[in-house]
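Asker: This is protein02.txt (compact mmCIF, N, CA and C atoms).
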# COMPACT_ATOMS: atom_id res chain seq x y z
N MET A 30 0.83 -1.16 0.00
CA MET A 30 0.00 0.00 0.00
C MET A 30 0.89 1.24 0.00
N LYS A 31 0.73 2.06 -1.03
CA LYS A 31 1.50 3.29 -1.10
C LYS A 31 0.66 4.43 -0.53
N GLY A 32 1.27 5.16 0.36
CA GLY A 32 0.59 6.29 0.96
C GLY A 32 1.55 7.45 1.12
N LYS A 33 1.03 8.59 1.33
CA LYS A 33 1.86 9.76 1.52
C LYS A 33 2.38 9.78 2.94
N GLU A 34 3.69 9.81 3.08
CA GLU A 34 4.27 9.84 4.43
C GLU A 34 4.14 11.24 5.01
N LYS A 35 3.87 11.30 6.30
CA LYS A 35 3.76 12.59 6.97
C LYS A 35 5.16 13.13 7.22
N PHE A 36 5.35 14.39 6.86
CA PHE A 36 6.66 15.03 7.02
C PHE A 36 6.78 15.53 8.46
N VAL A 37 7.81 15.08 9.16
CA VAL A 37 8.05 15.51 10.53
C VAL A 37 9.44 16.14 10.58
N PRO A 38 9.53 17.46 10.73
CA PRO A 38 10.84 18.11 10.76
C PRO A 38 11.57 17.84 12.07
N GLU A 39 12.88 18.07 12.02
CA GLU A 39 13.69 17.93 13.23
C GLU A 39 13.26 18.99 14.25
N LYS A 40 13.55 18.71 15.51
CA LYS A 40 13.20 19.65 16.57
C LYS A 40 13.92 20.98 16.33
N GLY A 41 13.21 22.06 16.55
CA GLY A 41 13.79 23.38 16.36
C GLY A 41 13.46 24.00 15.01
N TYR A 42 12.76 23.25 14.17
CA TYR A 42 12.37 23.75 12.86
C TYR A 42 10.86 23.72 12.72
N ILE A 43 10.33 24.64 11.93
CA ILE A 43 8.90 24.70 11.66
C ILE A 43 8.69 24.39 10.18
N HIS A 44 7.82 23.44 9.89
CA HIS A 44 7.47 23.12 8.51
C HIS A 44 6.49 24.18 8.03
N ILE A 45 6.90 24.99 7.04
CA ILE A 45 6.07 26.11 6.60
C ILE A 45 5.34 25.82 5.29
N GLY A 46 5.39 24.56 4.86
CA GLY A 46 4.65 24.16 3.67
C GLY A 46 5.53 23.74 2.53
N TYR A 47 5.06 22.74 1.78
CA TYR A 47 5.72 22.25 0.57
C TYR A 47 7.17 21.84 0.81
N GLY A 48 7.44 21.25 1.96
CA GLY A 48 8.77 20.74 2.27
C GLY A 48 9.77 21.78 2.76
N HIS A 49 9.33 23.00 2.94
CA HIS A 49 10.22 24.08 3.39
C HIS A 49 10.22 24.16 4.91
N LEU A 50 11.39 24.46 5.47
CA LEU A 50 11.55 24.58 6.92
C LEU A 50 12.14 25.94 7.26
N VAL A 51 11.84 26.41 8.45
CA VAL A 51 12.47 27.62 8.96
C VAL A 51 12.87 27.32 10.41
N ALA A 52 14.02 27.85 10.82
CA ALA A 52 14.48 27.65 12.20
C ALA A 52 13.57 28.44 13.13
N ALA A 53 12.95 27.76 14.07
CA ALA A 53 12.00 28.40 14.98
C ALA A 53 12.65 29.53 15.78
N ALA A 54 13.92 29.38 16.12
CA ALA A 54 14.61 30.39 16.92
C ALA A 54 14.82 31.70 16.15
N GLN A 55 14.73 31.65 14.82
CA GLN A 55 14.96 32.85 14.02
C GLN A 55 13.67 33.59 13.67
N VAL A 56 12.51 33.03 14.02
CA VAL A 56 11.24 33.67 13.69
C VAL A 56 10.97 34.79 14.68
N VAL A 57 10.77 35.99 14.14
CA VAL A 57 10.45 37.15 14.97
C VAL A 57 8.94 37.35 15.04
N ALA A 58 8.26 37.14 13.89
CA ALA A 58 6.82 37.36 13.85
C ALA A 58 6.18 36.50 12.77
N ILE A 59 4.94 36.10 13.01
CA ILE A 59 4.11 35.44 12.01
C ILE A 59 2.87 36.30 11.87
N LEU A 60 2.69 36.87 10.68
CA LEU A 60 1.63 37.86 10.47
C LEU A 60 0.61 37.38 9.45
N VAL A 61 -0.59 37.91 9.55
CA VAL A 61 -1.65 37.63 8.59
C VAL A 61 -1.55 38.70 7.50
N PRO A 62 -1.40 38.30 6.23
CA PRO A 62 -1.27 39.29 5.16
C PRO A 62 -2.60 39.97 4.85
N GLY A 63 -2.55 41.04 4.11
CA GLY A 63 -3.78 41.66 3.67
C GLY A 63 -3.83 43.17 3.86
N SER A 64 -3.19 43.68 4.88
CA SER A 64 -3.26 45.12 5.10
C SER A 64 -2.33 45.84 4.11
N SER A 65 -2.66 47.07 3.83
CA SER A 65 -1.87 47.88 2.91
C SER A 65 -0.42 48.07 3.39
N PRO A 66 -0.19 48.34 4.68
CA PRO A 66 1.20 48.48 5.13
C PRO A 66 2.01 47.19 4.96
N LEU A 67 1.36 46.03 5.15
CA LEU A 67 2.08 44.76 4.96
C LEU A 67 2.40 44.52 3.49
N LYS A 68 1.52 44.94 2.60
CA LYS A 68 1.79 44.81 1.16
C LYS A 68 3.00 45.66 0.79
N LYS A 69 3.09 46.88 1.33
CA LYS A 69 4.24 47.74 1.06
C LYS A 69 5.51 47.15 1.66
N PHE A 70 5.40 46.59 2.85
CA PHE A 70 6.54 45.95 3.52
C PHE A 70 7.06 44.78 2.68
N ARG A 71 6.12 44.01 2.15
CA ARG A 71 6.46 42.86 1.29
C ARG A 71 7.12 43.32 -0.01
N GLU A 72 6.60 44.38 -0.63
CA GLU A 72 7.17 44.91 -1.86
C GLU A 72 8.58 45.43 -1.63
N ARG A 73 8.79 46.10 -0.51
CA ARG A 73 10.12 46.62 -0.20
C ARG A 73 11.11 45.48 0.03
N ALA A 74 10.66 44.41 0.69
CA ALA A 74 11.52 43.24 0.90
C ALA A 74 11.90 42.61 -0.44
N ALA A 75 10.95 42.56 -1.37
CA ALA A 75 11.23 42.00 -2.70
C ALA A 75 12.25 42.87 -3.44
N ALA A 76 12.10 44.18 -3.34
CA ALA A 76 13.03 45.09 -4.00
C ALA A 76 14.44 44.98 -3.43
N GLU A 77 14.53 44.65 -2.16
CA GLU A 77 15.84 44.53 -1.49
C GLU A 77 16.35 43.09 -1.46
N ALA A 78 15.71 42.19 -2.20
CA ALA A 78 16.10 40.77 -2.30
C ALA A 78 16.09 40.07 -0.94
N ARG A 79 15.09 40.42 -0.11
CA ARG A 79 14.94 39.77 1.20
C ARG A 79 13.67 38.93 1.27
N LEU A 80 12.95 38.81 0.15
CA LEU A 80 11.68 38.09 0.11
C LEU A 80 11.91 36.66 -0.34
N VAL A 81 11.36 35.70 0.41
CA VAL A 81 11.43 34.28 0.06
C VAL A 81 9.99 33.78 -0.07
N ASP A 82 9.62 33.35 -1.27
CA ASP A 82 8.26 32.88 -1.53
C ASP A 82 8.23 31.35 -1.51
N THR A 83 7.59 30.77 -0.50
CA THR A 83 7.50 29.31 -0.39
C THR A 83 6.07 28.82 -0.61
N THR A 84 5.24 29.66 -1.25
CA THR A 84 3.83 29.32 -1.41
C THR A 84 3.56 28.31 -2.51
N GLY A 85 4.49 28.10 -3.41
CA GLY A 85 4.25 27.18 -4.51
C GLY A 85 3.09 27.65 -5.39
N LYS A 86 3.01 28.95 -5.64
CA LYS A 86 1.96 29.57 -6.47
C LYS A 86 0.57 29.51 -5.84
N HIS A 87 0.50 29.20 -4.54
CA HIS A 87 -0.77 29.21 -3.83
C HIS A 87 -0.95 30.55 -3.12
N LYS A 88 -2.11 30.75 -2.56
CA LYS A 88 -2.42 32.00 -1.85
C LYS A 88 -1.52 32.15 -0.63
N THR A 89 -1.00 33.35 -0.42
CA THR A 89 -0.20 33.64 0.77
C THR A 89 -1.14 33.77 1.97
N ARG A 90 -0.91 32.92 2.97
CA ARG A 90 -1.76 32.95 4.17
C ARG A 90 -1.02 33.43 5.40
N ALA A 91 0.32 33.47 5.32
CA ALA A 91 1.11 33.95 6.46
C ALA A 91 2.38 34.61 5.94
N ILE A 92 2.80 35.64 6.64
CA ILE A 92 4.07 36.29 6.37
C ILE A 92 4.93 36.10 7.60
N ILE A 93 6.10 35.50 7.40
CA ILE A 93 7.03 35.22 8.49
C ILE A 93 8.19 36.19 8.39
N ILE A 94 8.50 36.86 9.49
CA ILE A 94 9.63 37.77 9.53
C ILE A 94 10.69 37.14 10.42
N THR A 95 11.92 37.10 9.92
CA THR A 95 13.01 36.46 10.67
C THR A 95 13.94 37.52 11.25
N ASP A 96 14.80 37.07 12.15
CA ASP A 96 15.74 38.00 12.78
C ASP A 96 16.83 38.48 11.82
N SER A 97 16.94 37.85 10.65
CA SER A 97 17.91 38.28 9.64
C SER A 97 17.27 39.23 8.62
N ASN A 98 16.09 39.76 8.95
CA ASN A 98 15.35 40.70 8.10
C ASN A 98 14.75 40.08 6.86
N HIS A 99 14.69 38.77 6.76
CA HIS A 99 14.06 38.13 5.62
C HIS A 99 12.56 38.05 5.85
N VAL A 100 11.82 38.16 4.76
CA VAL A 100 10.37 38.06 4.80
C VAL A 100 10.01 36.81 4.01
N ILE A 101 9.36 35.85 4.68
CA ILE A 101 9.03 34.57 4.08
C ILE A 101 7.51 34.48 3.92
N LEU A 102 7.08 34.15 2.69
CA LEU A 102 5.66 33.97 2.42
C LEU A 102 5.32 32.49 2.52
N SER A 103 4.22 32.17 3.20
CA SER A 103 3.82 30.78 3.39
C SER A 103 2.35 30.62 3.03
N ALA A 104 2.00 29.46 2.47
CA ALA A 104 0.61 29.14 2.14
C ALA A 104 -0.10 28.49 3.32
N VAL A 105 0.58 28.35 4.43
CA VAL A 105 0.03 27.74 5.64
C VAL A 105 -0.48 28.86 6.55
N THR A 106 -1.62 28.64 7.20
CA THR A 106 -2.19 29.68 8.06
C THR A 106 -1.32 29.93 9.28
N PRO A 107 -1.36 31.15 9.82
CA PRO A 107 -0.58 31.44 11.02
C PRO A 107 -0.92 30.51 12.19
N GLU A 108 -2.19 30.17 12.35
CA GLU A 108 -2.60 29.29 13.44
C GLU A 108 -1.91 27.93 13.33
N THR A 109 -1.85 27.39 12.12
CA THR A 109 -1.18 26.10 11.90
C THR A 109 0.31 26.22 12.16
N LEU A 110 0.91 27.32 11.75
CA LEU A 110 2.35 27.52 11.99
C LEU A 110 2.64 27.59 13.49
N TRP A 111 1.76 28.29 14.26
CA TRP A 111 1.95 28.37 15.70
C TRP A 111 1.85 26.98 16.34
N GLN A 112 0.91 26.17 15.85
CA GLN A 112 0.78 24.81 16.38
C GLN A 112 2.01 23.98 16.03
N ARG A 113 2.51 24.12 14.81
CA ARG A 113 3.70 23.37 14.41
C ARG A 113 4.93 23.81 15.19
N ALA A 114 4.91 25.05 15.67
CA ALA A 114 6.03 25.55 16.47
C ALA A 114 5.94 25.06 17.90
N GLY A 115 4.96 24.23 18.19
CA GLY A 115 4.82 23.69 19.53
C GLY A 115 3.74 24.38 20.33
N GLY A 116 3.00 25.27 19.69
CA GLY A 116 1.91 25.94 20.38
C GLY A 116 2.37 26.96 21.40
N ALA A 117 3.63 27.36 21.32
CA ALA A 117 4.13 28.36 22.27
C ALA A 117 3.36 29.65 22.10
N GLY A 118 2.91 30.20 23.19
CA GLY A 118 2.17 31.45 23.15
C GLY A 118 0.73 31.29 22.70
N LEU A 119 0.18 30.10 22.86
CA LEU A 119 -1.20 29.89 22.45
C LEU A 119 -2.11 29.64 23.64
N ARG A 120 -3.30 30.15 23.55
CA ARG A 120 -4.34 29.87 24.52
C ARG A 120 -5.46 29.22 23.72
N THR A 121 -6.01 28.15 24.20
CA THR A 121 -7.06 27.46 23.47
C THR A 121 -8.43 27.84 24.01
N THR A 122 -9.31 28.24 23.09
CA THR A 122 -10.70 28.51 23.44
C THR A 122 -11.52 27.57 22.59
N GLY A 123 -11.98 26.49 23.16
CA GLY A 123 -12.67 25.47 22.38
C GLY A 123 -11.66 24.75 21.51
N GLU A 124 -11.85 24.79 20.22
CA GLU A 124 -10.93 24.13 19.31
C GLU A 124 -10.05 25.11 18.57
N THR A 125 -10.28 26.41 18.74
CA THR A 125 -9.53 27.42 18.00
C THR A 125 -8.42 27.99 18.86
N PRO A 126 -7.15 27.88 18.41
CA PRO A 126 -6.05 28.49 19.17
C PRO A 126 -6.07 30.00 19.01
N VAL A 127 -5.81 30.69 20.08
CA VAL A 127 -5.77 32.14 20.07
C VAL A 127 -4.36 32.57 20.47
N PRO A 128 -3.67 33.33 19.61
CA PRO A 128 -2.30 33.72 19.92
C PRO A 128 -2.24 34.67 21.11
N LEU A 129 -1.27 34.43 21.96
CA LEU A 129 -1.03 35.31 23.11
C LEU A 129 0.22 36.13 22.81
N ILE A 130 0.20 36.82 21.72
CA ILE A 130 1.36 37.59 21.29
C ILE A 130 0.98 39.06 21.33
N SER A 131 1.87 39.88 21.87
CA SER A 131 1.60 41.30 21.84
C SER A 131 2.11 41.81 20.49
N TYR A 132 1.19 42.22 19.65
CA TYR A 132 1.55 42.66 18.31
C TYR A 132 2.17 44.04 18.36
N THR A 133 3.20 44.23 17.57
CA THR A 133 3.79 45.55 17.42
C THR A 133 3.32 46.10 16.09
N THR A 134 3.39 47.38 15.93
CA THR A 134 2.99 47.97 14.65
C THR A 134 4.10 47.76 13.64
N LEU A 135 3.75 47.88 12.38
CA LEU A 135 4.72 47.73 11.32
C LEU A 135 5.79 48.81 11.43
N LYS A 136 5.41 50.01 11.87
CA LYS A 136 6.39 51.09 12.04
C LYS A 136 7.42 50.72 13.11
N ASP A 137 7.00 50.02 14.18
CA ASP A 137 7.94 49.58 15.20
C ASP A 137 8.94 48.58 14.62
N LEU A 138 8.45 47.65 13.79
CA LEU A 138 9.34 46.69 13.16
C LEU A 138 10.33 47.38 12.23
N GLU A 139 9.85 48.37 11.48
CA GLU A 139 10.73 49.10 10.57
C GLU A 139 11.79 49.89 11.35
N ARG A 140 11.39 50.47 12.47
CA ARG A 140 12.32 51.23 13.29
C ARG A 140 13.44 50.35 13.84
N GLU A 141 13.08 49.09 14.15
CA GLU A 141 14.06 48.15 14.69
C GLU A 141 14.90 47.52 13.59
N GLY A 142 14.57 47.80 12.33
CA GLY A 142 15.36 47.27 11.23
C GLY A 142 14.88 45.96 10.68
N ALA A 143 13.70 45.49 11.08
CA ALA A 143 13.17 44.22 10.57
C ALA A 143 12.64 44.39 9.18
Once more with this new file: its structure as structure tokens, please.

Answerer:
Amino acid sequence: MKGKEKFVPEKGYIHIGYGHLVAAAQVVAILVPGSSPLKKFRERAAAEARLVDTTGKHKTRAIIITDSNHVILSAVTPETLWQRAGGAGLRTTGETPVPLISYTTLKDLEREGA
């Protein structure tokens, strides 16, 4: 019987979709795309060659910012990424995880050089 094997990354890495991994220790933020400031942030990262697209031509569902100023696009939802990261900073209400992260504004991230 041939079946699809479940991909299990090594400890310390987060599977962000389509066989791609990111080191959990380097993730600064996992954001939901869609706002105009995030679109500009993404465009600027592309212009500066800091954008990594791992969506495989699928819809971008999460934007990951790393401590090396790279912006990674993922087709996996932020909630799923948080769970794959071990659920750190999550509070569960029923079946839906709720992030316990204090969000900073995009201007704060830009000021810090992210």

Asker: Considering only C-alpha atoms, state which residue in the set A:Val105, A:Gly63, A:Phe70, A:Ala54 is at the smallest distance from His87 of chain A.

Answerer: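 Distance minimum relative to His87 of chain A lands on A:Val105.
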
Asker: As lines of an AutoDock Vina configuration file, please report the centre and edge lengths, rounded to one decimal in Å, of the axis-aligned box that holds all listed atoms of segment 59-66 of chain A with 4 Å of padding on each of the six sides.

Answerer:
center_x = 0.6
center_y = 42.0
center_z = 8.0
size_x = 16.8
size_y = 21.0
size_z = 18.1

Asker: Please measure the separation of atom N of Glu108 of chain A and atom C of Thr89 of chain A, giving the value in Å to one decimal.

Answerer: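 Here the two named atoms are 11.0 Å from each other.
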
Asker: So that I can check the secondary structure, give me every residue of segment 37-98 of chain A assigned alpha helix (DSSP H) by backbone DSSP, as a VMD selection string.

Answerer: chain A and resid 65 to 76

Asker: Once you have the residues from the selection above, write them out as a PDB file, in the frame of the given file, restricted to N, CA and C atoms.

Answerer:
ATOM      1  N   SER A  65      -2.660  47.070   3.830  1.00  0.00           N
ATOM      2  CA  SER A  65      -1.870  47.880   2.910  1.00  0.00           C
ATOM      3  C   SER A  65      -0.420  48.070   3.390  1.00  0.00           C
ATOM      4  N   PRO A  66      -0.190  48.340   4.680  1.00  0.00           N
ATOM      5  CA  PRO A  66       1.200  48.480   5.130  1.00  0.00           C
ATOM      6  C   PRO A  66       2.010  47.190   4.960  1.00  0.00           C
ATOM      7  N   LEU A  67       1.360  46.030   5.150  1.00  0.00           N
ATOM      8  CA  LEU A  67       2.080  44.760   4.960  1.00  0.00           C
ATOM      9  C   LEU A  67       2.400  44.520   3.490  1.00  0.00           C
ATOM     10  N   LYS A  68       1.520  44.940   2.600  1.00  0.00           N
ATOM     11  CA  LYS A  68       1.790  44.810   1.160  1.00  0.00           C
ATOM     12  C   LYS A  68       3.000  45.660   0.790  1.00  0.00           C
ATOM     13  N   LYS A  69       3.090  46.880   1.330  1.00  0.00           N
ATOM     14  CA  LYS A  69       4.240  47.740   1.060  1.00  0.00           C
ATOM     15  C   LYS A  69       5.510  47.150   1.660  1.00  0.00           C
ATOM     16  N   PHE A  70       5.400  46.590   2.850  1.00  0.00           N
ATOM     17  CA  PHE A  70       6.540  45.950   3.520  1.00  0.00           C
ATOM     18  C   PHE A  70       7.060  44.780   2.680  1.00  0.00           C
ATOM     19  N   ARG A  71       6.120  44.010   2.150  1.00  0.00           N
ATOM     20  CA  ARG A  71       6.460  42.860   1.290  1.00  0.00           C
ATOM     21  C   ARG A  71       7.120  43.320  -0.010  1.00  0.00           C
ATOM     22  N   GLU A  72       6.600  44.380  -0.630  1.00  0.00           N
ATOM     23  CA  GLU A  72       7.170  44.910  -1.860  1.00  0.00           C
ATOM     24  C   GLU A  72       8.580  45.430  -1.630  1.00  0.00           C
ATOM     25  N   ARG A  73       8.790  46.100  -0.510  1.00  0.00           N
ATOM     26  CA  ARG A  73      10.120  46.620  -0.200  1.00  0.00           C
ATOM     27  C   ARG A  73      11.110  45.480   0.030  1.00  0.00           C
ATOM     28  N   ALA A  74      10.660  44.410   0.690  1.00  0.00           N
ATOM     29  CA  ALA A  74      11.520  43.240   0.900  1.00  0.00           C
ATOM     30  C   ALA A  74      11.900  42.610  -0.440  1.00  0.00           C
ATOM     31  N   ALA A  75      10.950  42.560  -1.370  1.00  0.00           N
ATOM     32  CA  ALA A  75      11.230  42.000  -2.700  1.00  0.00           C
ATOM     33  C   ALA A  75      12.250  42.870  -3.440  1.00  0.00           C
ATOM     34  N   ALA A  76      12.100  44.180  -3.340  1.00  0.00           N
ATOM     35  CA  ALA A  76      13.030  45.090  -4.000  1.00  0.00           C
ATOM     36  C   ALA A  76      14.440  44.980  -3.430  1.00  0.00           C
TER      37      ALA A  76
END

Asker: Using only C-alpha atoms, determine which residues lie at most 6 Å from Gln55 of chain A, disregarding the query and same-chain residues fewer than 2 positions distant; provide the list as a list in words.

Answerer: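 Here the answer would be Ala52, Ala53, Thr95 and Asp96 of chain A.
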
Asker: Write to file, as an mmCIF file, keeping the file's coordinate frame, the residues of the selection just made, with N, CA and C atoms.

Answerer:
data_model
loop_
_atom_site.group_PDB
_atom_site.id
_atom_site.type_symbol
_atom_site.label_atom_id
_atom_site.label_comp_id
_atom_site.auth_asym_id
_atom_site.auth_seq_id
_atom_site.Cartn_x
_atom_site.Cartn_y
_atom_site.Cartn_z
ATOM 1 N N ALA A 52 14.020 27.850 10.820
ATOM 2 C CA ALA A 52 14.480 27.650 12.200
ATOM 3 C C ALA A 52 13.570 28.440 13.130
ATOM 4 N N ALA A 53 12.950 27.760 14.070
ATOM 5 C CA ALA A 53 12.000 28.400 14.980
ATOM 6 C C ALA A 53 12.650 29.530 15.780
ATOM 7 N N THR A 95 11.920 37.100 9.920
ATOM 8 C CA THR A 95 13.010 36.460 10.670
ATOM 9 C C THR A 95 13.940 37.520 11.250
ATOM 10 N N ASP A 96 14.800 37.070 12.150
ATOM 11 C CA ASP A 96 15.740 38.000 12.780
ATOM 12 C C ASP A 96 16.830 38.480 11.820
#

Asker: Between atom CA of Ala114 of chain A and atom C of Ile101 of chain A, what is the distance in Å, rounded to a tenth?

Answerer: 15.5 Å

Asker: What lies within 6.5 Å of Ala91 of chain A using only N, CA and C atoms, ignoring chain neighbours under 6 positions off, as a short mmCIF file (atom, residue, chain, number, x, y, z; two decimals) with N, CA and C atoms, keeping the file's coordinate frame?

Answerer:
data_model
loop_
_atom_site.label_atom_id
_atom_site.label_comp_id
_atom_site.auth_asym_id
_atom_site.auth_seq_id
_atom_site.Cartn_x
_atom_site.Cartn_y
_atom_site.Cartn_z
N ILE A 59 4.94 36.10 13.01
CA ILE A 59 4.11 35.44 12.01
C ILE A 59 2.87 36.30 11.87
N LEU A 60 2.69 36.87 10.68
CA LEU A 60 1.63 37.86 10.47
C LEU A 60 0.61 37.38 9.45
N VAL A 61 -0.59 37.91 9.55
CA VAL A 61 -1.65 37.63 8.59
C VAL A 61 -1.55 38.70 7.50
N PRO A 62 -1.40 38.30 6.23
CA PRO A 62 -1.27 39.29 5.16
C PRO A 62 -2.60 39.97 4.85
N ILE A 101 9.36 35.85 4.68
CA ILE A 101 9.03 34.57 4.08
C ILE A 101 7.51 34.48 3.92
N LEU A 102 7.08 34.15 2.69
CA LEU A 102 5.66 33.97 2.42
C LEU A 102 5.32 32.49 2.52
N SER A 103 4.22 32.17 3.20
CA SER A 103 3.82 30.78 3.39
C SER A 103 2.35 30.62 3.03
N ALA A 104 2.00 29.46 2.47
CA ALA A 104 0.61 29.14 2.14
C ALA A 104 -0.10 28.49 3.32
N VAL A 105 0.58 28.35 4.43
CA VAL A 105 0.03 27.74 5.64
C VAL A 105 -0.48 28.86 6.55
N THR A 106 -1.62 28.64 7.20
CA THR A 106 -2.19 29.68 8.06
C THR A 106 -1.32 29.93 9.28
N PRO A 107 -1.36 31.15 9.82
CA PRO A 107 -0.58 31.44 11.02
C PRO A 107 -0.92 30.51 12.19
#

Asker: In Å, with one decimal, what is the gap from atom N of Gly85 of chain A to atom CA of Ser64 of chain A?

Answerer: 20.5 Å

Asker: Name the closest residue to Asn98 of chain A among the candidates A:Leu67, A:Leu50, A:Ala78, A:Ile43; distances are taken between atoms, counting only C-alpha atoms.

Answerer: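 With only C-alpha atoms as the atom set, the closest residue is A:Ala78.
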
Asker: Taking all atoms listed in the file into account, name the residue in A:Ala58, A:Ile94, A:Val100, A:Leu110 that is nearest to Val81 of chain A.

Answerer: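 Among A:Ala58, A:Ile94, A:Val100, A:Leu110, it is A:Val100 that comes nearest to Val81 of chain A.
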